[in-house]
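**Q** Structure: model_30.cif, mmCIF, C-alpha atoms.
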```cif
data_entry
#
loop_
_atom_site.label_atom_id
_atom_site.label_comp_id
_atom_site.auth_asym_id
_atom_site.auth_seq_id
_atom_site.Cartn_x
_atom_site.Cartn_y
_atom_site.Cartn_z
CA MET W 1 -37.04 -45.24 36.47
CA PRO W 2 -38.37 -41.65 36.72
CA LYS W 3 -42.00 -41.36 37.75
CA ARG W 4 -44.54 -39.60 35.54
CA VAL W 5 -45.55 -36.15 36.79
CA PHE W 6 -48.94 -34.47 36.42
CA ILE W 7 -50.41 -31.05 37.13
CA VAL W 8 -53.67 -31.71 38.98
CA GLY W 9 -54.67 -28.32 40.43
CA VAL W 10 -54.05 -24.75 39.27
CA GLY W 11 -54.85 -21.30 40.63
CA MET W 12 -53.73 -17.71 40.26
CA THR W 13 -54.63 -14.14 41.15
CA ASN W 14 -55.17 -11.27 38.78
CA PHE W 15 -51.96 -9.63 37.66
CA SER W 16 -52.12 -5.93 38.48
CA LYS W 17 -50.20 -2.68 38.40
CA PRO W 18 -47.76 -2.36 41.33
CA GLY W 19 -48.60 0.03 44.12
CA LEU W 20 -52.39 -0.17 44.00
CA PRO W 21 -53.78 0.41 47.50
CA THR W 22 -56.26 -2.46 47.06
CA THR W 23 -53.59 -5.08 46.32
CA PRO W 24 -53.11 -7.51 49.21
CA SER W 25 -49.75 -8.37 50.79
CA TYR W 26 -47.51 -10.90 49.06
CA HIS W 27 -48.50 -13.71 51.44
CA GLU W 28 -52.19 -12.94 50.92
CA LEU W 29 -51.67 -13.09 47.16
CA ALA W 30 -49.89 -16.42 47.56
CA LYS W 31 -52.66 -17.71 49.83
CA GLN W 32 -55.29 -16.83 47.22
CA ALA W 33 -53.38 -18.67 44.49
CA ILE W 34 -52.71 -21.74 46.66
CA GLU W 35 -56.31 -21.99 47.83
CA ARG W 36 -57.53 -21.73 44.25
CA ALA W 37 -55.13 -24.50 43.19
CA VAL W 38 -56.39 -26.75 46.00
CA ASN W 39 -60.05 -25.88 45.28
CA ASP W 40 -59.45 -26.64 41.61
CA ILE W 41 -59.32 -30.30 42.64
CA GLY W 42 -62.90 -30.11 43.86
CA GLY W 43 -62.34 -31.43 47.38
CA ALA W 44 -60.50 -34.58 46.29
CA VAL W 45 -57.30 -33.23 47.90
CA CYS W 46 -56.70 -31.06 50.96
CA PHE W 47 -53.73 -28.84 51.70
CA SER W 48 -52.64 -31.40 54.27
CA ASP W 49 -52.00 -33.83 51.38
CA VAL W 50 -49.18 -31.60 50.12
CA GLN W 51 -45.87 -33.16 51.15
CA GLN W 52 -43.38 -30.50 50.03
CA ALA W 53 -43.50 -26.96 48.63
CA VAL W 54 -41.24 -24.95 46.34
CA VAL W 55 -41.77 -21.19 46.39
CA GLY W 56 -40.40 -18.70 43.87
CA TYR W 57 -39.95 -14.94 44.33
CA THR W 58 -37.19 -12.43 43.65
CA ASN W 59 -37.18 -9.09 45.46
CA THR W 60 -40.55 -9.07 47.22
CA THR W 61 -39.23 -9.99 50.65
CA GLY W 62 -36.22 -11.36 52.46
CA THR W 63 -35.24 -14.96 53.06
CA GLY W 64 -38.01 -17.17 54.35
CA GLY W 65 -40.72 -15.52 52.28
CA GLY W 66 -41.78 -18.94 51.07
CA GLN W 67 -42.55 -20.01 54.61
CA ARG W 68 -44.59 -16.87 55.26
CA ALA W 69 -46.56 -17.48 52.06
CA VAL W 70 -47.27 -21.17 52.69
CA TYR W 71 -47.94 -20.68 56.40
CA SER W 72 -50.84 -18.41 55.41
CA VAL W 73 -52.63 -21.54 54.20
CA GLY W 74 -51.41 -24.05 56.78
CA MET W 75 -48.48 -24.94 58.99
CA THR W 76 -48.03 -28.66 58.47
CA GLY W 77 -44.27 -28.96 59.00
CA ILE W 78 -43.47 -29.87 55.38
CA PRO W 79 -40.15 -28.94 53.73
CA ILE W 80 -40.39 -25.54 52.00
CA TYR W 81 -37.75 -24.44 49.51
CA ASN W 82 -37.19 -20.78 48.51
CA VAL W 83 -36.16 -20.21 44.87
CA ASN W 84 -34.78 -17.13 43.07
CA ASN W 85 -33.72 -17.45 39.43
CA ALA W 86 -34.43 -13.99 37.98
CA CYS W 87 -37.34 -13.91 35.52
CA ALA W 88 -37.24 -17.73 35.29
CA THR W 89 -38.00 -18.04 39.02
CA GLY W 90 -41.53 -19.40 38.65
CA SER W 91 -40.62 -22.11 36.17
CA SER W 92 -37.53 -22.95 38.24
CA ALA W 93 -39.82 -23.63 41.22
CA LEU W 94 -41.98 -25.77 38.94
CA PHE W 95 -38.91 -27.59 37.59
CA LEU W 96 -37.73 -28.43 41.11
CA GLY W 97 -41.22 -29.55 42.14
CA LYS W 98 -41.32 -31.85 39.14
CA GLN W 99 -37.99 -33.37 40.12
CA LEU W 100 -39.25 -34.09 43.63
CA VAL W 101 -42.19 -36.07 42.26
CA GLU W 102 -40.22 -37.61 39.41
CA GLY W 103 -37.56 -38.91 41.79
CA GLY W 104 -40.08 -40.39 44.21
CA THR W 105 -39.25 -38.02 47.06
CA ALA W 106 -42.88 -36.87 47.25
CA SER W 107 -46.16 -37.77 45.58
CA CYS W 108 -47.84 -34.34 45.91
CA VAL W 109 -45.87 -31.08 45.71
CA LEU W 110 -46.95 -27.45 45.69
CA ALA W 111 -45.15 -25.00 43.39
CA VAL W 112 -46.07 -21.37 43.97
CA GLY W 113 -44.63 -18.06 42.78
CA PHE W 114 -45.47 -14.53 43.77
CA GLU W 115 -44.23 -10.97 43.43
CA LYS W 116 -45.03 -7.48 44.62
CA MET W 117 -42.95 -5.12 42.52
CA ASN W 118 -42.02 -1.47 42.43
CA LYS W 119 -43.56 0.88 39.90
CA GLY W 120 -41.64 1.57 36.72
CA PRO W 121 -38.82 -0.43 35.09
CA LEU W 122 -36.75 -3.03 36.90
CA GLN W 123 -34.07 -1.45 39.03
CA ILE W 124 -30.71 -3.23 38.77
CA THR W 125 -28.07 -2.04 41.22
CA ASP W 126 -24.75 -1.18 39.58
CA PRO W 127 -25.06 -3.60 36.64
CA ALA W 128 -21.58 -2.69 35.40
CA ALA W 129 -19.91 -3.90 38.62
CA THR W 130 -17.63 -6.91 38.17
CA ASP W 131 -19.71 -8.94 40.65
CA SER W 132 -23.03 -8.11 38.96
CA PRO W 133 -24.98 -11.10 37.57
CA LEU W 134 -25.17 -9.15 34.29
CA HIS W 135 -21.44 -8.37 34.08
CA ASN W 136 -20.91 -10.75 31.14
CA HIS W 137 -23.97 -9.38 29.35
CA LEU W 138 -22.81 -5.78 29.54
CA ALA W 139 -19.26 -6.65 28.60
CA ALA W 140 -20.55 -8.34 25.44
CA MET W 141 -23.11 -5.64 24.60
CA GLN W 142 -20.60 -2.83 24.93
CA THR W 143 -18.41 -4.33 22.22
CA LYS W 144 -21.27 -3.34 19.90
CA PHE W 145 -23.39 -0.68 21.60
CA PRO W 146 -22.79 1.94 24.30
CA LEU W 147 -24.53 1.67 27.67
CA ASN W 148 -26.98 4.48 28.41
CA THR W 149 -26.53 4.93 32.15
CA GLN W 150 -29.51 7.30 32.28
CA GLY W 151 -32.05 4.81 30.93
CA PRO W 152 -33.43 1.47 32.15
CA LEU W 153 -31.01 -1.37 31.47
CA THR W 154 -33.10 -4.38 30.45
CA PRO W 155 -34.82 -2.69 27.50
CA GLN W 156 -31.39 -1.73 26.16
CA LEU W 157 -30.26 -5.37 26.11
CA PHE W 158 -33.28 -6.54 24.12
CA ALA W 159 -33.46 -3.41 21.95
CA ASN W 160 -29.89 -3.98 20.84
CA ALA W 161 -30.74 -7.60 20.04
CA ALA W 162 -33.62 -6.30 17.92
CA LYS W 163 -31.27 -3.90 16.12
CA GLU W 164 -28.96 -6.78 15.26
CA HIS W 165 -31.86 -8.85 13.97
CA MET W 166 -33.11 -5.94 11.86
CA LYS W 167 -29.68 -5.41 10.36
CA LYS W 168 -28.88 -9.08 9.74
CA TYR W 169 -32.31 -10.35 8.65
CA ASN W 170 -34.21 -7.22 7.56
CA SER W 171 -36.86 -7.58 10.25
CA THR W 172 -38.82 -4.41 10.96
CA GLU W 173 -40.28 -2.28 13.70
CA ALA W 174 -43.72 -2.99 12.26
CA GLN W 175 -43.24 -6.71 12.91
CA LEU W 176 -42.50 -5.97 16.58
CA HIS W 177 -45.64 -3.84 16.70
CA LYS W 178 -47.71 -6.72 15.30
CA ILE W 179 -46.57 -8.93 18.18
CA ALA W 180 -47.77 -6.38 20.72
CA VAL W 181 -51.10 -6.00 18.91
CA LYS W 182 -51.57 -9.78 18.83
CA ASN W 183 -50.89 -10.24 22.53
CA HIS W 184 -53.18 -7.38 23.54
CA GLN W 185 -55.89 -8.91 21.36
CA HIS W 186 -55.43 -12.24 23.14
CA SER W 187 -55.50 -10.73 26.63
CA SER W 188 -58.82 -9.02 25.94
CA ASN W 189 -60.34 -12.43 26.73
CA ASN W 190 -58.25 -13.03 29.87
CA PRO W 191 -59.82 -11.73 33.10
CA TYR W 192 -56.50 -12.21 34.94
CA ALA W 193 -54.55 -9.91 32.61
CA GLN W 194 -53.17 -6.57 33.69
CA PHE W 195 -54.23 -5.11 30.36
CA THR W 196 -57.42 -6.20 28.61
CA ASN W 197 -57.60 -3.37 26.08
CA ILE W 198 -57.12 -3.96 22.37
CA VAL W 199 -54.50 -1.75 20.72
CA THR W 200 -53.72 -0.86 17.11
CA GLU W 201 -50.36 -0.91 15.37
CA GLU W 202 -50.46 2.88 15.28
CA GLN W 203 -50.99 3.05 19.04
CA VAL W 204 -48.04 0.72 19.58
CA ARG W 205 -45.87 2.70 17.17
CA SER W 206 -46.75 6.07 18.71
CA SER W 207 -46.43 4.99 22.34
CA ARG W 208 -43.44 6.42 24.20
CA MET W 209 -40.07 5.30 22.88
CA ILE W 210 -38.21 3.46 25.66
CA THR W 211 -35.07 2.40 23.78
CA TYR W 212 -35.15 2.24 19.99
CA PRO W 213 -36.80 0.25 18.48
CA LEU W 214 -38.83 -0.66 21.59
CA THR W 215 -41.80 1.55 22.39
CA GLN W 216 -43.68 1.32 25.67
CA LEU W 217 -46.28 -1.08 24.30
CA THR W 218 -43.59 -3.47 23.10
CA CYS W 219 -42.24 -3.73 26.67
CA CYS W 220 -43.92 -5.76 29.40
CA PRO W 221 -45.08 -4.01 32.57
CA THR W 222 -44.02 -4.76 36.11
CA SER W 223 -46.82 -6.45 38.03
CA ASP W 224 -48.12 -7.80 41.31
CA GLY W 225 -49.56 -11.30 41.42
CA ALA W 226 -49.25 -14.95 42.38
CA ALA W 227 -49.75 -18.36 40.78
CA ALA W 228 -49.74 -21.91 42.14
CA VAL W 229 -49.97 -25.50 40.90
CA LEU W 230 -50.13 -28.92 42.52
CA LEU W 231 -47.90 -31.59 41.00
CA ALA W 232 -48.63 -35.27 41.60
CA SER W 233 -47.40 -38.73 40.77
CA GLU W 234 -49.42 -41.16 38.66
CA ASP W 235 -50.30 -43.24 41.73
CA PHE W 236 -51.55 -40.12 43.54
CA VAL W 237 -53.64 -39.12 40.53
CA ILE W 238 -55.32 -42.52 40.31
CA SER W 239 -55.87 -42.96 44.04
CA HIS W 240 -57.57 -39.54 44.25
CA ASN W 241 -59.60 -39.95 41.03
CA LEU W 242 -57.97 -36.97 39.33
CA GLN W 243 -57.47 -38.55 35.91
CA GLY W 244 -60.02 -36.31 34.19
CA GLN W 245 -58.03 -33.12 34.74
CA ALA W 246 -54.46 -34.37 35.13
CA VAL W 247 -52.13 -32.68 32.64
CA GLU W 248 -48.90 -34.60 32.21
CA ILE W 249 -45.56 -32.81 32.06
CA LEU W 250 -44.11 -34.82 29.17
CA GLY W 251 -40.73 -33.19 29.70
CA MET W 252 -39.08 -30.13 31.14
CA THR W 253 -35.53 -28.88 30.66
CA MET W 254 -33.44 -26.11 32.14
CA GLN W 255 -30.37 -24.63 30.50
CA THR W 256 -28.01 -21.88 31.59
CA ASP W 257 -25.71 -19.83 29.38
CA PRO W 258 -23.23 -21.69 27.18
CA SER W 259 -19.95 -19.94 26.44
CA THR W 260 -21.34 -18.95 23.04
CA SER W 261 -23.80 -16.61 24.78
CA PHE W 262 -21.12 -13.97 25.22
CA GLN W 263 -19.23 -13.69 21.94
CA HIS W 264 -17.90 -10.18 21.50
CA SER W 265 -18.20 -8.06 18.36
CA VAL W 266 -20.06 -10.53 16.15
CA ASP W 267 -23.19 -9.82 14.13
CA ASP W 268 -25.46 -11.45 16.72
CA THR W 269 -23.65 -10.59 19.97
CA CYS W 270 -26.78 -9.25 21.67
CA ILE W 271 -29.11 -11.88 20.23
CA ARG W 272 -26.92 -14.49 21.90
CA MET W 273 -26.53 -12.43 25.06
CA VAL W 274 -30.29 -12.18 25.75
CA GLY W 275 -30.71 -15.95 25.81
CA SER W 276 -31.32 -17.25 22.31
CA ARG W 277 -28.67 -19.96 22.63
CA MET W 278 -30.01 -21.03 26.04
CA ALA W 279 -33.49 -21.33 24.55
CA GLU W 280 -32.26 -23.26 21.52
CA ASN W 281 -30.38 -25.72 23.71
CA ALA W 282 -33.28 -26.16 26.14
CA ALA W 283 -35.75 -26.73 23.30
CA ALA W 284 -33.48 -29.20 21.52
CA GLU W 285 -33.04 -31.16 24.75
CA LEU W 286 -36.81 -31.16 25.35
CA TYR W 287 -37.65 -32.33 21.83
CA LYS W 288 -35.15 -35.17 22.14
CA MET W 289 -36.48 -36.10 25.59
CA THR W 290 -40.15 -36.22 24.54
CA GLY W 291 -39.86 -37.39 20.95
CA LYS W 292 -42.09 -34.47 19.99
CA GLY W 293 -41.33 -31.21 18.22
CA PRO W 294 -43.02 -27.92 17.44
CA GLU W 295 -45.05 -29.64 14.72
CA ASP W 296 -46.85 -31.59 17.47
CA VAL W 297 -47.76 -28.49 19.50
CA GLN W 298 -50.90 -26.34 19.16
CA VAL W 299 -50.54 -23.80 21.98
CA ILE W 300 -47.48 -22.00 23.36
CA GLU W 301 -46.84 -19.64 26.26
CA LEU W 302 -43.44 -17.98 25.81
CA HIS W 303 -41.41 -15.28 27.50
CA ASP W 304 -42.28 -12.08 25.63
CA CYS W 305 -40.73 -9.66 28.12
CA PHE W 306 -40.23 -7.51 25.04
CA ALA W 307 -41.75 -8.00 21.60
CA ALA W 308 -38.20 -8.51 20.33
CA ASN W 309 -37.80 -11.56 22.56
CA GLU W 310 -40.98 -13.15 21.27
CA MET W 311 -39.63 -12.79 17.75
CA LEU W 312 -36.27 -14.30 18.74
CA THR W 313 -37.97 -17.12 20.62
CA TYR W 314 -39.99 -18.20 17.57
CA GLU W 315 -36.64 -19.05 16.04
CA ALA W 316 -35.08 -20.56 19.15
CA LEU W 317 -38.02 -22.94 19.62
CA GLY W 318 -37.88 -24.01 15.98
CA LEU W 319 -41.18 -22.51 14.89
CA CYS W 320 -39.37 -20.99 11.91
CA PRO W 321 -35.84 -20.80 10.49
CA GLU W 322 -33.29 -18.43 12.01
CA GLY W 323 -34.01 -14.90 10.87
CA ALA W 324 -37.64 -15.58 9.93
CA GLY W 325 -39.30 -14.62 13.21
CA GLY W 326 -40.60 -11.32 11.87
CA LYS W 327 -42.08 -12.98 8.81
CA LEU W 328 -43.73 -15.60 11.00
CA VAL W 329 -45.79 -13.04 12.90
CA GLU W 330 -46.77 -11.39 9.62
CA SER W 331 -47.98 -14.76 8.30
CA GLY W 332 -50.63 -15.07 11.01
CA ASP W 333 -49.31 -18.48 12.04
CA VAL W 334 -48.90 -17.49 15.72
CA THR W 335 -52.51 -16.57 16.47
CA TYR W 336 -55.97 -18.10 16.15
CA GLY W 337 -56.42 -19.72 12.76
CA GLY W 338 -52.67 -20.24 12.30
CA ARG W 339 -50.35 -23.16 12.99
CA TRP W 340 -49.95 -22.23 16.67
CA VAL W 341 -51.54 -19.85 19.11
CA VAL W 342 -48.67 -18.14 20.91
CA ASN W 343 -49.47 -16.46 24.23
CA PRO W 344 -53.26 -16.87 24.29
CA SER W 345 -53.11 -15.40 27.81
CA GLY W 346 -51.70 -12.16 26.43
CA GLY W 347 -48.18 -13.07 27.46
CA LEU W 348 -45.97 -10.88 29.60
CA LEU W 349 -46.61 -7.92 27.32
CA SER W 350 -50.28 -7.74 28.21
CA LYS W 351 -51.07 -10.22 30.97
CA GLY W 352 -48.19 -8.78 33.05
CA HIS W 353 -44.94 -10.00 34.58
CA PRO W 354 -44.71 -10.53 38.36
CA LEU W 355 -41.32 -12.20 38.16
CA GLY W 356 -41.83 -15.06 40.61
CA ALA W 357 -45.27 -15.94 39.29
CA THR W 358 -44.78 -15.73 35.52
CA GLY W 359 -43.43 -19.22 34.78
CA ILE W 360 -46.14 -20.90 36.85
CA ALA W 361 -48.85 -18.73 35.26
CA GLN W 362 -47.64 -19.93 31.85
CA CYS W 363 -48.11 -23.53 33.01
CA ILE W 364 -51.59 -22.69 34.31
CA GLU W 365 -52.69 -21.22 30.99
CA ILE W 366 -51.50 -24.32 29.15
CA CYS W 367 -53.40 -26.55 31.61
CA TRP W 368 -56.61 -24.58 31.11
CA GLN W 369 -56.16 -24.80 27.34
CA LEU W 370 -55.53 -28.56 27.35
CA ARG W 371 -58.45 -29.09 29.71
CA GLY W 372 -60.66 -27.14 27.27
CA GLU W 373 -61.66 -24.55 29.86
CA ALA W 374 -60.32 -21.29 28.40
CA GLY W 375 -63.65 -19.90 27.16
CA PRO W 376 -63.37 -17.28 24.40
CA ARG W 377 -59.58 -17.65 24.28
CA GLN W 378 -59.73 -21.44 23.90
CA VAL W 379 -57.38 -22.82 21.25
CA PRO W 380 -59.33 -25.32 19.12
CA GLU W 381 -58.18 -28.94 19.37
CA ALA W 382 -55.39 -28.10 21.83
CA LYS W 383 -53.70 -31.41 22.65
CA VAL W 384 -50.06 -30.53 23.34
CA GLY W 385 -48.74 -27.33 24.91
CA LEU W 386 -45.30 -25.74 25.23
CA THR W 387 -43.90 -23.21 27.72
CA HIS W 388 -40.73 -21.10 27.62
CA ASN W 389 -39.55 -18.96 30.55
CA LEU W 390 -36.29 -16.99 30.43
CA GLY W 391 -34.22 -15.20 33.05
CA LEU W 392 -31.13 -13.17 32.31
CA GLY W 393 -28.24 -14.14 34.45
CA GLY W 394 -29.23 -16.71 33.24
CA ALA W 395 -31.68 -19.60 33.01
CA CYS W 396 -34.16 -20.89 30.48
CA VAL W 397 -36.85 -23.47 31.28
CA VAL W 398 -38.87 -25.12 28.51
CA GLY W 399 -41.69 -27.58 29.16
CA MET W 400 -44.12 -29.74 27.17
CA TYR W 401 -47.58 -30.78 28.41
CA GLN W 402 -50.33 -33.16 27.31
CA LEU W 403 -53.58 -34.59 28.65
CA HIS W 404 -53.34 -38.34 29.23
CA GLU W 405 -55.28 -39.79 26.28
CA ASP W 406 -56.38 -42.93 28.16
CA TRP W 407 -58.04 -40.75 30.80
CA SER W 408 -59.86 -38.38 28.46
CA ALA W 409 -63.30 -39.84 29.22
CA THR W 410 -62.87 -39.60 33.00
CA PRO W 411 -64.95 -36.84 34.66
CA LYS W 412 -63.04 -33.91 36.13
CA ALA W 413 -62.82 -33.49 39.88
CA CYS W 414 -62.92 -29.73 39.30
CA LYS W 415 -66.47 -28.42 39.72
CA VAL W 416 -65.89 -24.82 38.61
CA SER W 417 -62.95 -23.88 36.41
CA GLY W 418 -61.03 -20.74 37.28
CA ALA W 419 -59.95 -20.18 33.68
CA MET W 420 -62.33 -17.26 33.19
CA GLY W 421 -61.88 -15.86 36.70
CA PHE W 422 -64.29 -15.65 39.60
CA ASN W 423 -67.07 -13.19 40.24
CA ARG W 424 -65.67 -12.02 43.55
CA THR W 425 -68.11 -9.14 43.79
CA GLN W 426 -70.99 -11.58 44.29
CA GLN W 427 -68.97 -13.15 47.10
CA GLY W 428 -68.48 -9.78 48.78
CA LEU W 429 -64.74 -9.97 48.22
CA PRO W 430 -62.35 -7.43 46.64
CA ARG W 431 -61.16 -8.18 43.11
CA LEU W 432 -57.63 -9.59 43.19
#
```
What does the file become when written as structure tokens?

**A**
Amino acid sequence: MPKRVFIVGVGMTNFSKPGLPTTPSYHELAKQAIERAVNDIGGAVCFSDVQQAVVGYTNTTGTGGGQRAVYSVGMTGIPIYNVNNACATGSSALFLGKQLVEGGTASCVLAVGFEKMNKGPLQITDPAATDSPLHNHLAAMQTKFPLNTQGPLTPQLFANAAKEHMKKYNSTEAQLHKIAVKNHQHSSNNPYAQFTNIVTEEQVRSSRMITYPLTQLTCCPTSDGAAAVLLASEDFVISHNLQGQAVEILGMTMQTDPSTSFQHSVDDTCIRMVGSRMAENAAAELYKMTGKGPEDVQVIELHDCFAANEMLTYEALGLCPEGAGGKLVESGDVTYGGRWVVNPSGGLLSKGHPLGATGIAQCIEICWQLRGEAGPRQVPEAKVGLTHNLGLGGACVVGMYQLHEDWSATPKACKVSGAMGFNRTQQGLPRL
């Protein structure tokens, strides 16, 4: 019988613009996140208690980067696995860590993701080549839309999905702008976010057009950063008195592309191609696994690499009927005071998107919310949380989290929550 799996310690660095001279090396970023995750347990657990580690990153360094990152904290001889799964890398590391605990291979596992990225849009080498991971995507897209070889590729994929949605369901540019405004509003209360400024719909609309209908403020930035969590079995939680802050992973699923992702010349070719079917399948599997659905969830962190993908993901996760994603954001049901709060962290659009760290950072935000530690961005009465992390190529990981109700009265081991950051200036340290 699979063992229950809990998140017991969380930690992350600030997400920041690539290329800043003050940003530490990737292994220093990882060290900061790991140490914060261990310290989050308030001394009840040491790094030497970690039995295995799964490390996610994409293009930051060569093979063995996971070892370099973990060695910066301690060299204890444990197995270390290196994971690369495009933008779903962080949640893939988390998924594998969960399986290690669930299967009884280890009782305490570290999952960490990091990235140091280049400035500007993602650079994809020769995406049209037959051996490119995006070969199927481009082949499908070009049955409907031409490829602009002079512009960044990824925005074109999601922009064309938005165009299809606008044509088929009468969604609007203004609805995409509202998503960007919402997420910037949310990140204004997140000290880890790359952007903490509030923006207006007019500012979003008038920002530089990247690929119609996506303006700059409806596209996520590239980022530097790291995030880490400690996963533990139920026996480990109890033996170390961690019940008061243990967030259970009720279920987690991973799906890759079904054949229906790449249907040529249909009215939703690009919607399918950017991962909507993967997300639908992963969510359906999760809901069946846990016996819970979106109606049981209060807080969601989803993969808003572009505002268009947040709109599509509302539908894929079952928050609204197909085609109604634009109307859902207009209704106010995806922010404070509505049915759900989606991306209270600011999401990728505003918090930032260091590829290897993103999925784990989503998990961390949900843990802080369920533990009631998120300060001014706290979602009232948050009991169940949902995460969605997508990578083209492709993979989609969806997870559901809940505090153990029987342990709710147990004091937390954590002495100082990191949810609202740390005043590093008082410690004489540079801001990460």

**Q** I'd like the residues picked by the PyMOL selection byres ((chain W and resi 55-57) around 10) written out as a VMD selection string, using the chain letters and numbers from the file.

**A** chain W and resid 26 30 53 to 54 58 to 67 69 to 70 80 to 94 96 to 97 110 to 116 226 to 228 354 to 360

**Q** Could you please take those selected residues and save C-alpha atoms as a JSON list (two decimals), in the coordinates of the input?

**A**
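Writing done, so here's result_30.json:
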```json
[["chain", "number", "residue", "atom", "x", "y", "z"],
["W", 26, "TYR", "CA", -47.51, -10.90, 49.06],
["W", 30, "ALA", "CA", -49.89, -16.42, 47.56],
["W", 53, "ALA", "CA", -43.50, -26.96, 48.63],
["W", 54, "VAL", "CA", -41.24, -24.95, 46.34],
["W", 58, "THR", "CA", -37.19, -12.43, 43.65],
["W", 59, "ASN", "CA", -37.18, -9.09, 45.46],
["W", 60, "THR", "CA", -40.55, -9.07, 47.22],
["W", 61, "THR", "CA", -39.23, -9.99, 50.65],
["W", 62, "GLY", "CA", -36.22, -11.36, 52.46],
["W", 63, "THR", "CA", -35.24, -14.96, 53.06],
["W", 64, "GLY", "CA", -38.01, -17.17, 54.35],
["W", 65, "GLY", "CA", -40.72, -15.52, 52.28],
["W", 66, "GLY", "CA", -41.78, -18.94, 51.07],
["W", 67, "GLN", "CA", -42.55, -20.01, 54.61],
["W", 69, "ALA", "CA", -46.56, -17.48, 52.06],
["W", 70, "VAL", "CA", -47.27, -21.17, 52.69],
["W", 80, "ILE", "CA", -40.39, -25.54, 52.00],
["W", 81, "TYR", "CA", -37.75, -24.44, 49.51],
["W", 82, "ASN", "CA", -37.19, -20.78, 48.51],
["W", 83, "VAL", "CA", -36.16, -20.21, 44.87],
["W", 84, "ASN", "CA", -34.78, -17.13, 43.07],
["W", 85, "ASN", "CA", -33.72, -17.45, 39.43],
["W", 86, "ALA", "CA", -34.43, -13.99, 37.98],
["W", 87, "CYS", "CA", -37.34, -13.91, 35.52],
["W", 88, "ALA", "CA", -37.24, -17.73, 35.29],
["W", 89, "THR", "CA", -38.00, -18.04, 39.02],
["W", 90, "GLY", "CA", -41.53, -19.40, 38.65],
["W", 91, "SER", "CA", -40.62, -22.11, 36.17],
["W", 92, "SER", "CA", -37.53, -22.95, 38.24],
["W", 93, "ALA", "CA", -39.82, -23.63, 41.22],
["W", 94, "LEU", "CA", -41.98, -25.77, 38.94],
["W", 96, "LEU", "CA", -37.73, -28.43, 41.11],
["W", 97, "GLY", "CA", -41.22, -29.55, 42.14],
["W", 110, "LEU", "CA", -46.95, -27.45, 45.69],
["W", 111, "ALA", "CA", -45.15, -25.00, 43.39],
["W", 112, "VAL", "CA", -46.07, -21.37, 43.97],
["W", 113, "GLY", "CA", -44.63, -18.06, 42.78],
["W", 114, "PHE", "CA", -45.47, -14.53, 43.77],
["W", 115, "GLU", "CA", -44.23, -10.97, 43.43],
["W", 116, "LYS", "CA", -45.03, -7.48, 44.62],
["W", 226, "ALA", "CA", -49.25, -14.95, 42.38],
["W", 227, "ALA", "CA", -49.75, -18.36, 40.78],
["W", 228, "ALA", "CA", -49.74, -21.91, 42.14],
["W", 354, "PRO", "CA", -44.71, -10.53, 38.36],
["W", 355, "LEU", "CA", -41.32, -12.20, 38.16],
["W", 356, "GLY", "CA", -41.83, -15.06, 40.61],
["W", 357, "ALA", "CA", -45.27, -15.94, 39.29],
["W", 358, "THR", "CA", -44.78, -15.73, 35.52],
["W", 359, "GLY", "CA", -43.43, -19.22, 34.78],
["W", 360, "ILE", "CA", -46.14, -20.90, 36.85]]
```

**Q** Could you check the closest approach to Gly337 in chain W for each of W:Leu134, W:Val299, W:Ala409, W:Met75 and tell me which residue wins, using all atoms listed in the file?

**A**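 Ranking W:Leu134, W:Val299, W:Ala409, W:Met75 by distance to Gly337 in chain W, first place goes to W:Val299.
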
**Q** May I ask for the distance between CA of Met166 in chain W and CA of Arg272 in chain W, given in Å to one decimal place?

**A**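 Taking CA of Met166 in chain W as the start and CA of Arg272 in chain W as the end point, the length is 14.6 Å.
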
**Q** Between CA of Ala159 in chain W and CA of Thr172 in chain W, measure the distance and give it in Å to one decimal.

**A**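 Separation between CA of Ala159 in chain W and CA of Thr172 in chain W: 12.3 Å.
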
**Q** Exactly which residues make up the result of the PyMOL selection byres ((chain W and resi 1) around 9) on this file, given as an NGL selection string?

**A** :W and (2-3 or 102-103)

**Q** Evaluate the PyMOL selection byres ((chain W and resi 136-143) around 12) against this structure - the residues, as a count of residues only, please.

**A** 48

**Q** Please indicate the distance in Å from CA of Tyr314 in chain W to CA of Ile124 in chain W, rounded to one decimal place.

**A**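 Straight-line distance from CA of Tyr314 in chain W to CA of Ile124 in chain W works out to 27.6 Å.
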
**Q** I'd like the neighbourhood of Thr23 in chain W as a ChimeraX atom specification, where a residue qualifies if any of its atoms comes within 10 Å (using all atoms listed in the file), though same-chain residues fewer than 2 positions away should be ignored.

**A** /W:14-21,25-26,28-29,116,224-225,430-432

**Q** Name the residues in contact with Gln185 in chain W at a cut-off of 9 Å, using all atoms listed in the file, excluding same-chain residues fewer than 5 positions from it; report them as a list in words.

**A** Ala180, Thr196, Asn197, Ile198, Val199, Pro344, Gly346 and Ser350 of chain W

**Q** Rank W:Tyr212, W:Gly291, W:Leu122, W:Val204 by their smallest atom-to-atom distance to Val181 in chain W, using all atoms listed in the file, and report the top residue only.

**A**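 Closest candidate: W:Val204.
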
**Q** Measuring between all atoms listed in the file, which one of W:Gly391, W:Ala283, W:Arg36, W:Pro221 shows the shortest distance to Ala193 in chain W?

**A** W:Pro221
